file work_13.cif (mmCIF, C-alpha atoms)
data_work
#
loop_
_atom_site.label_atom_id
_atom_site.label_comp_id
_atom_site.auth_asym_id
_atom_site.auth_seq_id
_atom_site.Cartn_x
_atom_site.Cartn_y
_atom_site.Cartn_z
CA MET A 12 0.00 0.00 0.00
CA ALA A 13 2.78 2.42 0.92
CA ALA A 14 4.52 1.78 -2.42
CA LEU A 15 1.30 2.35 -4.36
CA LEU A 16 0.53 5.59 -2.52
CA TRP A 17 4.10 6.77 -3.09
CA TRP A 18 3.75 6.06 -6.81
CA LEU A 19 0.48 7.98 -6.97
CA PHE A 20 1.76 11.04 -5.12
CA ARG A 21 5.37 11.03 -6.36
CA ASN A 22 4.82 13.83 -8.91
CA ALA A 23 1.97 15.61 -7.13
CA ASP A 24 2.27 18.82 -5.17
CA LEU A 25 1.02 17.64 -1.77
CA ALA A 26 0.42 21.21 -0.60
CA GLU A 27 -1.76 21.76 -3.66
CA VAL A 28 -3.62 18.50 -3.04
CA TRP A 29 -4.35 19.59 0.53
CA ARG A 30 -5.46 23.03 -0.69
CA HIS A 31 -8.00 21.40 -3.02
CA ILE A 32 -9.30 19.22 -0.19
CA ARG A 33 -9.79 22.23 2.09
CA ALA A 34 -11.55 24.17 -0.70
CA ALA A 35 -13.93 21.33 -1.61
CA ASP A 36 -17.69 21.88 -1.57
CA ALA A 37 -18.59 19.93 1.60
CA PRO A 38 -22.35 19.63 0.88
CA LEU A 39 -21.65 18.13 -2.56
CA LEU A 40 -19.08 15.76 -1.08
CA LEU A 41 -21.56 14.59 1.54
CA THR A 42 -24.18 14.25 -1.18
CA SER A 43 -21.86 11.80 -2.93
CA ALA A 44 -21.83 9.69 0.25
CA VAL A 45 -25.63 9.76 0.52
CA ILE A 46 -25.94 8.64 -3.10
CA ALA A 47 -23.44 5.83 -2.53
CA MET A 48 -25.36 4.65 0.55
CA ALA A 49 -28.55 4.62 -1.51
CA GLY A 50 -26.71 2.31 -3.90
CA PHE A 51 -26.31 -0.27 -1.12
CA GLY A 52 -30.06 -0.18 -0.59
CA VAL A 53 -30.58 -0.78 -4.30
CA ARG A 54 -28.19 -3.74 -4.10
CA ALA A 55 -30.36 -5.21 -1.35
CA LEU A 56 -33.51 -4.63 -3.43
CA ARG A 57 -31.91 -6.33 -6.43
CA TRP A 58 -30.72 -9.36 -4.46
CA LYS A 59 -34.25 -10.65 -3.92
CA TYR A 60 -34.46 -11.61 -7.61
CA PHE A 61 -31.34 -13.76 -7.33
CA LEU A 62 -32.50 -15.30 -4.07
CA ALA A 63 -35.98 -16.11 -5.39
CA PRO A 64 -35.13 -19.67 -6.53
CA VAL A 65 -33.89 -20.62 -3.05
CA GLN A 66 -36.15 -18.39 -0.92
CA ARG A 67 -39.30 -16.96 -2.43
CA HIS A 68 -39.93 -14.29 0.21
CA THR A 69 -36.77 -12.58 1.40
CA PRO A 70 -36.93 -9.82 4.04
CA PHE A 71 -35.32 -6.57 2.91
CA GLY A 72 -33.84 -6.08 6.39
CA SER A 73 -31.89 -9.33 6.19
CA ARG A 74 -30.69 -8.57 2.68
CA PHE A 75 -29.52 -5.06 3.56
CA ALA A 76 -27.79 -6.23 6.75
CA ALA A 77 -25.91 -8.91 4.79
CA VAL A 78 -24.89 -6.38 2.11
CA ALA A 79 -23.53 -4.08 4.82
CA VAL A 80 -21.58 -6.91 6.45
CA GLY A 81 -20.10 -7.91 3.10
CA PHE A 82 -18.87 -4.43 2.24
CA MET A 83 -17.53 -3.97 5.77
CA ALA A 84 -15.47 -7.14 5.29
CA ASN A 85 -14.14 -5.81 1.99
CA ASN A 86 -13.16 -2.55 3.64
CA LEU A 87 -11.39 -4.00 6.68
CA LEU A 88 -9.79 -7.23 5.48
CA PRO A 89 -6.89 -7.68 3.05
CA SER A 90 -7.32 -8.57 -0.63
CA GLY A 91 -10.93 -7.35 -0.91
CA ARG A 92 -12.13 -10.94 -1.34
CA ALA A 93 -14.10 -11.43 1.87
CA GLY A 94 -17.15 -9.44 0.80
CA GLU A 95 -19.09 -12.09 -1.12
CA PRO A 96 -18.46 -14.95 1.35
CA GLY A 97 -19.14 -12.52 4.20
CA ARG A 98 -22.44 -11.43 2.73
CA ALA A 99 -23.53 -15.02 2.05
CA TYR A 100 -22.47 -16.10 5.54
CA ALA A 101 -24.32 -13.22 7.21
CA TYR A 102 -27.49 -13.97 5.24
CA SER A 103 -27.31 -17.67 6.11
CA ARG A 104 -27.20 -16.66 9.78
CA MET A 105 -30.49 -14.79 9.44
CA GLU A 106 -32.48 -16.82 6.92
CA PRO A 107 -33.05 -20.53 6.11
CA VAL A 108 -30.68 -20.43 3.13
CA GLY A 109 -27.39 -22.35 3.03
CA PHE A 110 -24.08 -20.55 2.67
CA THR A 111 -23.25 -22.12 -0.71
CA ALA A 112 -26.72 -21.39 -2.09
CA ALA A 113 -26.49 -17.74 -0.99
CA LEU A 114 -22.97 -17.49 -2.38
CA ALA A 115 -24.11 -18.95 -5.70
CA THR A 116 -26.63 -16.14 -6.12
CA LEU A 117 -23.74 -13.70 -5.89
CA VAL A 118 -22.05 -15.45 -8.83
CA VAL A 119 -25.04 -14.46 -10.97
CA GLU A 120 -24.97 -10.97 -9.49
CA ARG A 121 -21.29 -10.53 -10.37
CA LEU A 122 -21.94 -11.68 -13.93
CA LEU A 123 -24.62 -9.04 -14.39
CA ASP A 124 -22.39 -6.46 -12.69
CA GLY A 125 -19.60 -7.20 -15.15
CA ALA A 126 -21.88 -6.97 -18.16
CA VAL A 127 -23.41 -3.67 -17.04
CA ILE A 128 -20.05 -2.14 -16.06
CA PHE A 129 -18.64 -2.86 -19.50
CA ALA A 130 -21.82 -1.58 -21.14
CA LEU A 131 -21.46 1.74 -19.29
CA ILE A 132 -17.75 1.95 -20.15
CA PHE A 133 -18.47 1.48 -23.83
CA VAL A 134 -21.29 4.04 -23.67
CA ALA A 135 -18.80 6.48 -22.14
CA ILE A 136 -16.16 5.72 -24.78
CA LEU A 137 -18.65 6.11 -27.64
CA GLY A 138 -20.00 9.40 -26.26
CA PRO A 139 -19.38 12.64 -28.16
CA ASP A 140 -17.35 14.13 -25.29
CA PHE A 141 -14.88 11.27 -24.98
CA PRO A 142 -11.27 12.27 -25.81
CA ALA A 143 -10.50 9.10 -27.80
CA GLU A 144 -7.04 10.25 -28.79
CA THR A 145 -5.89 10.28 -25.15
CA LEU A 146 -6.87 6.68 -24.29
CA PRO A 147 -3.72 5.01 -22.91
CA GLU A 148 -2.70 1.86 -24.75
CA ARG A 149 -2.36 -0.03 -21.45
CA LEU A 150 -5.93 0.85 -20.50
CA ALA A 151 -7.20 -0.32 -23.89
CA ASP A 152 -5.27 -3.59 -23.55
CA GLY A 153 -6.59 -4.09 -20.04
CA MET A 154 -10.17 -3.55 -21.23
CA ARG A 155 -9.67 -6.10 -24.01
CA ILE A 156 -8.28 -8.67 -21.59
CA ALA A 157 -11.06 -8.06 -19.10
CA ALA A 158 -13.67 -8.30 -21.87
CA ALA A 159 -12.18 -11.61 -23.02
CA GLY A 160 -12.26 -12.94 -19.46
CA LEU A 161 -15.86 -11.83 -19.08
CA GLY A 162 -16.70 -13.59 -22.34
CA VAL A 163 -15.25 -16.86 -21.04
CA VAL A 164 -17.20 -16.56 -17.80
CA LEU A 165 -20.43 -15.70 -19.61
CA THR A 166 -19.94 -18.65 -22.00
CA GLY A 167 -19.51 -20.99 -19.05
CA THR A 168 -22.57 -19.53 -17.41
CA VAL A 169 -24.69 -20.03 -20.53
CA LEU A 170 -23.55 -23.66 -20.71
CA VAL A 171 -24.47 -24.23 -17.05
CA VAL A 172 -27.86 -22.60 -17.53
CA ALA A 173 -28.56 -24.52 -20.75
CA PHE A 174 -27.20 -27.88 -19.60
CA PRO A 175 -27.20 -27.88 -15.77
CA ALA A 176 -27.34 -31.66 -15.31
CA ARG A 177 -24.54 -32.33 -17.81
CA CYS A 178 -22.30 -29.61 -16.36
CA LEU A 179 -22.92 -30.88 -12.84
CA ALA A 180 -22.10 -34.44 -13.92
CA MET A 181 -18.94 -33.27 -15.66
CA GLY A 182 -17.91 -31.31 -12.59
CA ALA A 183 -18.58 -34.35 -10.41
CA ARG A 184 -16.29 -36.47 -12.60
CA LEU A 185 -13.52 -33.89 -12.26
CA VAL A 186 -13.98 -33.72 -8.48
CA ALA A 187 -13.86 -37.52 -8.36
CA LEU A 188 -10.26 -37.30 -9.56
CA LEU A 189 -9.34 -35.52 -6.32
CA PRO A 190 -8.59 -37.38 -3.07
CA SER A 191 -11.75 -37.90 -1.08
CA GLY A 192 -12.22 -35.66 1.92
CA ARG A 193 -13.46 -32.24 2.95
CA LEU A 194 -12.08 -30.56 -0.18
CA SER A 195 -13.97 -32.78 -2.62
CA THR A 196 -17.12 -32.64 -0.46
CA GLY A 197 -16.92 -28.87 -0.28
CA LEU A 198 -16.38 -28.51 -4.05
CA THR A 199 -19.38 -30.74 -4.73
CA GLN A 200 -21.58 -28.62 -2.45
CA VAL A 201 -20.34 -25.43 -4.09
CA MET A 202 -21.09 -26.80 -7.57
CA GLU A 203 -24.58 -27.83 -6.53
CA GLY A 204 -25.18 -24.43 -4.98
CA VAL A 205 -23.86 -22.60 -8.05
CA VAL A 206 -26.14 -24.57 -10.38
CA GLY A 207 -29.05 -23.88 -8.04
CA GLY A 208 -28.23 -20.17 -7.94
CA LEU A 209 -27.85 -19.93 -11.71
CA SER A 210 -31.33 -21.38 -12.10
CA SER A 211 -32.61 -17.83 -11.55
CA MET A 212 -31.33 -16.98 -15.05
CA ARG A 213 -33.92 -19.29 -16.57
CA GLY A 214 -36.78 -16.95 -15.79
CA TRP A 215 -36.98 -13.60 -17.58
CA ARG A 216 -39.47 -12.39 -14.97
CA LEU A 217 -36.58 -12.48 -12.52
CA MET A 218 -33.70 -11.50 -14.77
CA LEU A 219 -35.21 -8.46 -16.48
CA PRO A 220 -35.88 -6.57 -13.22
CA ALA A 221 -32.54 -7.79 -11.87
CA LEU A 222 -30.82 -6.33 -14.93
CA ALA A 223 -32.71 -3.05 -14.55
CA TRP A 224 -31.72 -2.80 -10.87
CA THR A 225 -28.12 -3.58 -11.83
CA PHE A 226 -28.07 -0.57 -14.13
CA GLY A 227 -29.52 1.39 -11.22
CA VAL A 228 -26.72 0.25 -8.89
CA TRP A 229 -23.92 1.33 -11.20
CA LEU A 230 -25.57 4.52 -12.41
CA LEU A 231 -25.98 5.57 -8.77
CA GLN A 232 -22.32 4.78 -8.14
CA SER A 233 -21.38 6.86 -11.18
CA LEU A 234 -23.60 9.68 -9.94
CA SER A 235 -21.79 9.55 -6.59
CA PHE A 236 -18.45 9.97 -8.37
CA TRP A 237 -19.87 12.80 -10.47
CA ALA A 238 -21.02 14.63 -7.32
CA GLY A 239 -17.48 14.18 -6.01
CA PHE A 240 -16.10 15.70 -9.22
CA LEU A 241 -18.34 18.73 -8.85
CA ALA A 242 -17.30 19.13 -5.21
CA PHE A 243 -13.75 19.71 -6.49
CA ASP A 244 -14.81 21.81 -9.47
CA ILE A 245 -13.85 19.07 -11.92
CA ARG A 246 -16.26 19.93 -14.73
CA LEU A 247 -16.60 16.81 -16.84
CA PRO A 248 -19.61 15.10 -18.48
CA PHE A 249 -21.43 12.30 -16.69
CA ALA A 250 -19.74 9.87 -19.10
CA ALA A 251 -16.45 10.61 -17.33
CA ALA A 252 -18.02 9.45 -14.07
CA MET A 253 -19.19 6.23 -15.78
CA LEU A 254 -15.68 5.60 -17.09
CA THR A 255 -14.18 6.32 -13.67
CA ASN A 256 -16.68 4.00 -12.05
CA GLY A 257 -15.73 1.27 -14.50
CA ALA A 258 -12.02 1.78 -13.88
CA VAL A 259 -12.55 1.55 -10.12
CA ALA A 260 -14.68 -1.58 -10.48
CA MET A 261 -12.03 -3.29 -12.62
CA ALA A 262 -9.27 -2.27 -10.22
CA ALA A 263 -11.31 -3.69 -7.32
CA ALA A 264 -11.22 -7.10 -9.04
CA LEU A 265 -7.45 -7.21 -8.51
CA PRO A 266 -5.73 -8.15 -5.23
CA ALA A 267 -6.02 -5.04 -3.10
CA THR A 268 -5.24 -3.51 0.25
CA PRO A 269 -7.98 -3.29 2.91
CA GLY A 270 -10.57 -0.74 1.86
CA TYR A 271 -8.92 -0.47 -1.59
CA VAL A 272 -6.68 2.30 -0.27
CA GLY A 273 -4.40 3.29 -3.13
CA THR A 274 -6.22 1.04 -5.59
CA LEU A 275 -9.21 3.38 -5.82
CA GLN A 276 -7.05 6.49 -6.06
CA GLY A 277 -4.97 4.88 -8.81
CA ALA A 278 -8.06 3.94 -10.85
CA VAL A 279 -9.54 7.44 -10.52
CA SER A 280 -6.24 9.00 -11.58
CA LEU A 281 -5.98 6.64 -14.54
CA ALA A 282 -9.43 7.67 -15.77
CA LEU A 283 -9.31 11.40 -15.12
CA VAL A 284 -5.63 12.25 -15.50
CA GLY A 285 -4.70 9.63 -18.09
CA VAL A 286 -7.81 9.86 -20.26
CA TYR A 287 -9.41 13.26 -19.66
CA GLY A 288 -6.19 15.16 -18.98
CA VAL A 289 -7.24 16.71 -15.67
CA ALA A 290 -4.44 18.03 -13.45
CA PRO A 291 -3.31 15.37 -10.93
CA GLU A 292 -3.70 17.49 -7.78
CA PRO A 293 -7.49 18.05 -7.90
CA VAL A 294 -8.01 14.45 -9.04
CA LEU A 295 -6.01 13.00 -6.14
CA ALA A 296 -7.72 15.37 -3.73
CA CYS A 297 -11.12 14.26 -5.06
CA ALA A 298 -10.23 10.56 -4.88
CA VAL A 299 -8.88 10.81 -1.33
CA ALA A 300 -11.79 12.89 -0.04
CA TRP A 301 -14.45 10.83 -1.82
CA HIS A 302 -12.98 7.68 -0.32
CA ALA A 303 -12.75 9.28 3.11
CA VAL A 304 -16.44 10.23 3.25
CA ASN A 305 -17.72 6.99 1.69
CA PHE A 306 -15.64 4.53 3.70
CA PRO A 307 -17.03 5.08 7.24
CA PRO A 308 -20.85 4.86 6.79
CA ILE A 309 -21.11 1.36 5.28
CA THR A 310 -18.18 0.09 7.38
CA VAL A 311 -19.71 1.22 10.66
CA LEU A 312 -23.13 -0.06 9.62
CA GLY A 313 -21.63 -3.41 8.65
CA LEU A 314 -19.80 -3.69 11.97
CA TRP A 315 -23.05 -2.96 13.82
CA HIS A 316 -24.95 -5.64 11.93
CA ALA A 317 -22.08 -8.12 12.34
CA ARG A 318 -22.06 -7.58 16.09
CA ARG A 319 -25.83 -7.98 16.21
CA LEU A 320 -25.46 -11.33 14.40
CA GLY A 321 -22.57 -12.49 16.56
CA ILE A 322 -20.08 -12.37 13.68
CA SER A 323 -16.52 -11.20 14.22
CA LEU A 324 -13.74 -10.43 11.75
CA LYS A 325 -11.96 -13.64 12.74
CA ASP A 326 -14.86 -15.55 11.14
CA PHE A 327 -13.70 -14.15 7.80
CA ARG A 328 -10.02 -14.87 8.46
CA GLY A 329 -10.56 -18.61 8.60
CA ARG A 330 -10.73 -19.00 12.38
CA GLY A 331 -13.74 -19.84 14.48
CA SER A 332 -16.92 -20.41 12.40
CA GLU A 333 -15.35 -20.28 8.98
CA PRO A 334 -17.88 -19.11 6.38
CA GLY A 335 -16.43 -21.26 3.63
CA ASN A 336 -16.31 -24.40 5.77
CA PRO A 337 -19.23 -26.72 4.99
CA ALA A 338 -19.07 -28.06 8.54
CA HIS A 339 -20.24 -24.71 9.86
CA GLU A 340 -22.94 -23.80 7.37
CA PRO A 341 -26.62 -24.60 7.02
CA THR A 342 -27.56 -27.24 4.50
CA SER A 343 -27.72 -25.76 1.00
CA THR A 344 -30.75 -26.21 -1.21
CA PRO A 345 -30.26 -28.87 -3.92
CA PRO A 346 -30.49 -27.56 -7.49
CA GLU A 347 -33.42 -29.77 -8.41
CA THR A 348 -35.54 -28.32 -5.60
CA ALA A 349 -34.16 -24.78 -5.69
CA ALA A 350 -37.34 -23.27 -7.08
CA ALA A 351 -39.45 -24.43 -4.16
CA PRO A 352 -39.79 -21.98 -1.24
CA PRO A 353 -38.73 -23.15 2.21
CA LYS A 354 -41.48 -24.56 4.38
CA THR A 355 -40.75 -22.08 7.09
CA ALA A 356 -39.28 -18.62 6.96
CA ASN A 357 -37.67 -16.77 9.81
CA PRO A 358 -38.62 -13.10 9.98
CA ALA A 359 -35.84 -10.56 9.80
CA PRO A 360 -34.48 -9.55 13.18
CA ASP A 361 -35.62 -6.00 12.64
CA GLY A 362 -39.12 -7.02 11.61
CA SER A 363 -38.77 -5.77 8.04
CA PRO A 364 -41.44 -7.06 5.63
#
call {"tool": "encode", "arguments": {"input": "work_13.cif", "output": "structure tokens"}}
result
Amino acid sequence: MAALLWWLFRNADLAEVWRHIRAADAPLLLTSAVIAMAGFGVRALRWKYFLAPVQRHTPFGSRFAAVAVGFMANNLLPSGRAGEPGRAYAYSRMEPVGFTAALATLVVERLLDGAVIFALIFVAILGPDFPAETLPERLADGMRIAAAGLGVVLTGTVLVVAFPARCLAMGARLVALLPSGRLSTGLTQVMEGVVGGLSSMRGWRLMLPALAWTFGVWLLQSLSFWAGFLAFDIRLPFAAAMLTNGAVAMAAALPATPGYVGTLQGAVSLALVGVYGVAPEPVLACAVAWHAVNFPPITVLGLWHARRLGISLKDFRGRGSEPGNPAHEPTSTPPETAAAPPKTANPAPDGSP
């Protein structure tokens, strides 16, 4: 992290960066945080469509609490990889849904996220205000590689959706080549949960609203960045915020420091300085301040919900009740019965409908 921050600030005038932070429009900066928090609520609203095959009626309170716990884990733990397991684990503690089944729904969610993020990036690039001649070659190459990777994942997803039984049987044959034990058992449960979660893609009544909400999630995130730009008098079109949002999302997919410190600032600088030619000082000031006002709300909220559920950070570090350990999770719903609602449903702790 220290090396990355040094690289980002090595040519910047730190006094000028601080001057921009002090001169920022505080109400606009706080507005960016409010918009970002609204995005977490939209994520919770969207999740019900992915959970529908394993739990027909899902309380919003449980979904939002799990989302908060997941993002808290991303912000406080190294590598930024604890969020999805953390969210699935938190939800399985509140509702009669197994950890692997809940985690499988997030596979579908990430696929839609990737598709929408790239759609918004391409809309930004094709816009009339995009400075095409300034696009760094490395960024273009990275977008091509990421697009190719997304294509492979989407192809695999289509095959699983179209031929679930065959893919599950093929996966079982591959797992059978491994030594028997907890690893093979765990992989089998994960495969069954993934196939069950992907079953939601078979119904357009679920996927169309899920896709619409996904656009809502990332447009809100872009709007939050745009409000941050305006707070620092960075006058760029909304397309620049969509491109920045896409750059940050792609950077977040890489191994990162806790809270994406340095990673986020580097992605924002790449988009605004490298592509749009904005001076580095206001961009770094914007990235640092935007991160500073957006980090605490969801982190504190996630910590509060985690404490209420009896979850500690050590649960995500592989000690205690390990989320990814099948021995500590509720039984997942088999794919062939995933569409049936559970016989009983526990109400959310906060009584949400």
call {"tool": "closest_residue", "arguments": {"input": "work_13.cif", "among": "A:Tyr60, A:Gly285, A:Pro291, A:Ser73", "to": "Arg149 (chain A)", "atoms": "all atoms listed in the file"}}
result
A:Gly285
call {"tool": "atom_distance", "arguments": {"input": "work_13.cif", "atom1": "CA of Ile309 (chain A)", "atom2": "CA of Ala79 (chain A)"}}
result
6.0 Å
call {"tool": "residues_around", "arguments": {"input": "work_13.cif", "residues": "Ser195 (chain A)", "least_positions_apart": "6", "cutoff": "9 Å", "atoms": "all atoms listed in the file", "output": "list in words"}}
result
Val186, Ala187 and Leu189 of chain A
call {"tool": "closest_residue", "arguments": {"input": "work_13.cif", "among": "A:Val118, A:Val80, A:Leu40, A:Ala296", "to": "Gly321 (chain A)", "atoms": "all atoms listed in the file"}}
result
A:Val80
call {"tool": "closest_residue", "arguments": {"input": "work_13.cif", "among": "A:Thr116, A:Thr69, A:Thr111, A:Asn305", "to": "Gln232 (chain A)", "atoms": "only C-alpha atoms"}}
result
A:Asn305
call {"tool": "resolve_selection", "arguments": {"input": "work_13.cif", "expression": "the PyMOL selection byres ((chain A and resi 83) around 8)", "output": "number ranges by chain"}}
result
A: 79-82, 84-87, 94, 309-314
call {"tool": "resolve_selection", "arguments": {"input": "work_13.cif", "expression": "the PyMOL selection byres ((chain A and resi 138) around 12)", "output": "PyMOL selection string"}}
result
chain A and resi 131-137+139-143+248-251+253-254
call {"tool": "write_last_selection", "arguments": {"input": "work_13.cif", "atoms": "C-alpha atoms", "output": "short mmCIF file (atom, residue, chain, number, x, y, z; two decimals), keeping the file's coordinate frame"}}
result
data_model
loop_
_atom_site.label_atom_id
_atom_site.label_comp_id
_atom_site.auth_asym_id
_atom_site.auth_seq_id
_atom_site.Cartn_x
_atom_site.Cartn_y
_atom_site.Cartn_z
CA LEU A 131 -21.46 1.74 -19.29
CA ILE A 132 -17.75 1.95 -20.15
CA PHE A 133 -18.47 1.48 -23.83
CA VAL A 134 -21.29 4.04 -23.67
CA ALA A 135 -18.80 6.48 -22.14
CA ILE A 136 -16.16 5.72 -24.78
CA LEU A 137 -18.65 6.11 -27.64
CA PRO A 139 -19.38 12.64 -28.16
CA ASP A 140 -17.35 14.13 -25.29
CA PHE A 141 -14.88 11.27 -24.98
CA PRO A 142 -11.27 12.27 -25.81
CA ALA A 143 -10.50 9.10 -27.80
CA PRO A 248 -19.61 15.10 -18.48
CA PHE A 249 -21.43 12.30 -16.69
CA ALA A 250 -19.74 9.87 -19.10
CA ALA A 251 -16.45 10.61 -17.33
CA MET A 253 -19.19 6.23 -15.78
CA LEU A 254 -15.68 5.60 -17.09
#
call {"tool": "closest_residue", "arguments": {"input": "work_13.cif", "among": "A:Arg318, A:Val286, A:Ala242, A:Leu56", "to": "Ile32 (chain A)", "atoms": "all atoms listed in the file"}}
result
A:Ala242
call {"tool": "resolve_selection", "arguments": {"input": "work_13.cif", "expression": "the PyMOL selection byres ((chain A and resi 259-262) around 7)", "output": "ChimeraX atom specification"}}
result
/A:255-258,263-265,274-275,278-279
call {"tool": "axis_aligned_box", "arguments": {"input": "work_13.cif", "around": "region 76-80 of chain A", "padding_each_side": "8 Å", "output": "AutoDock Vina command-line options"}}
result
--center_x -24.7 --center_y -6.5 --center_z 4.4 --size_x 22.2 --size_y 20.8 --size_z 20.6
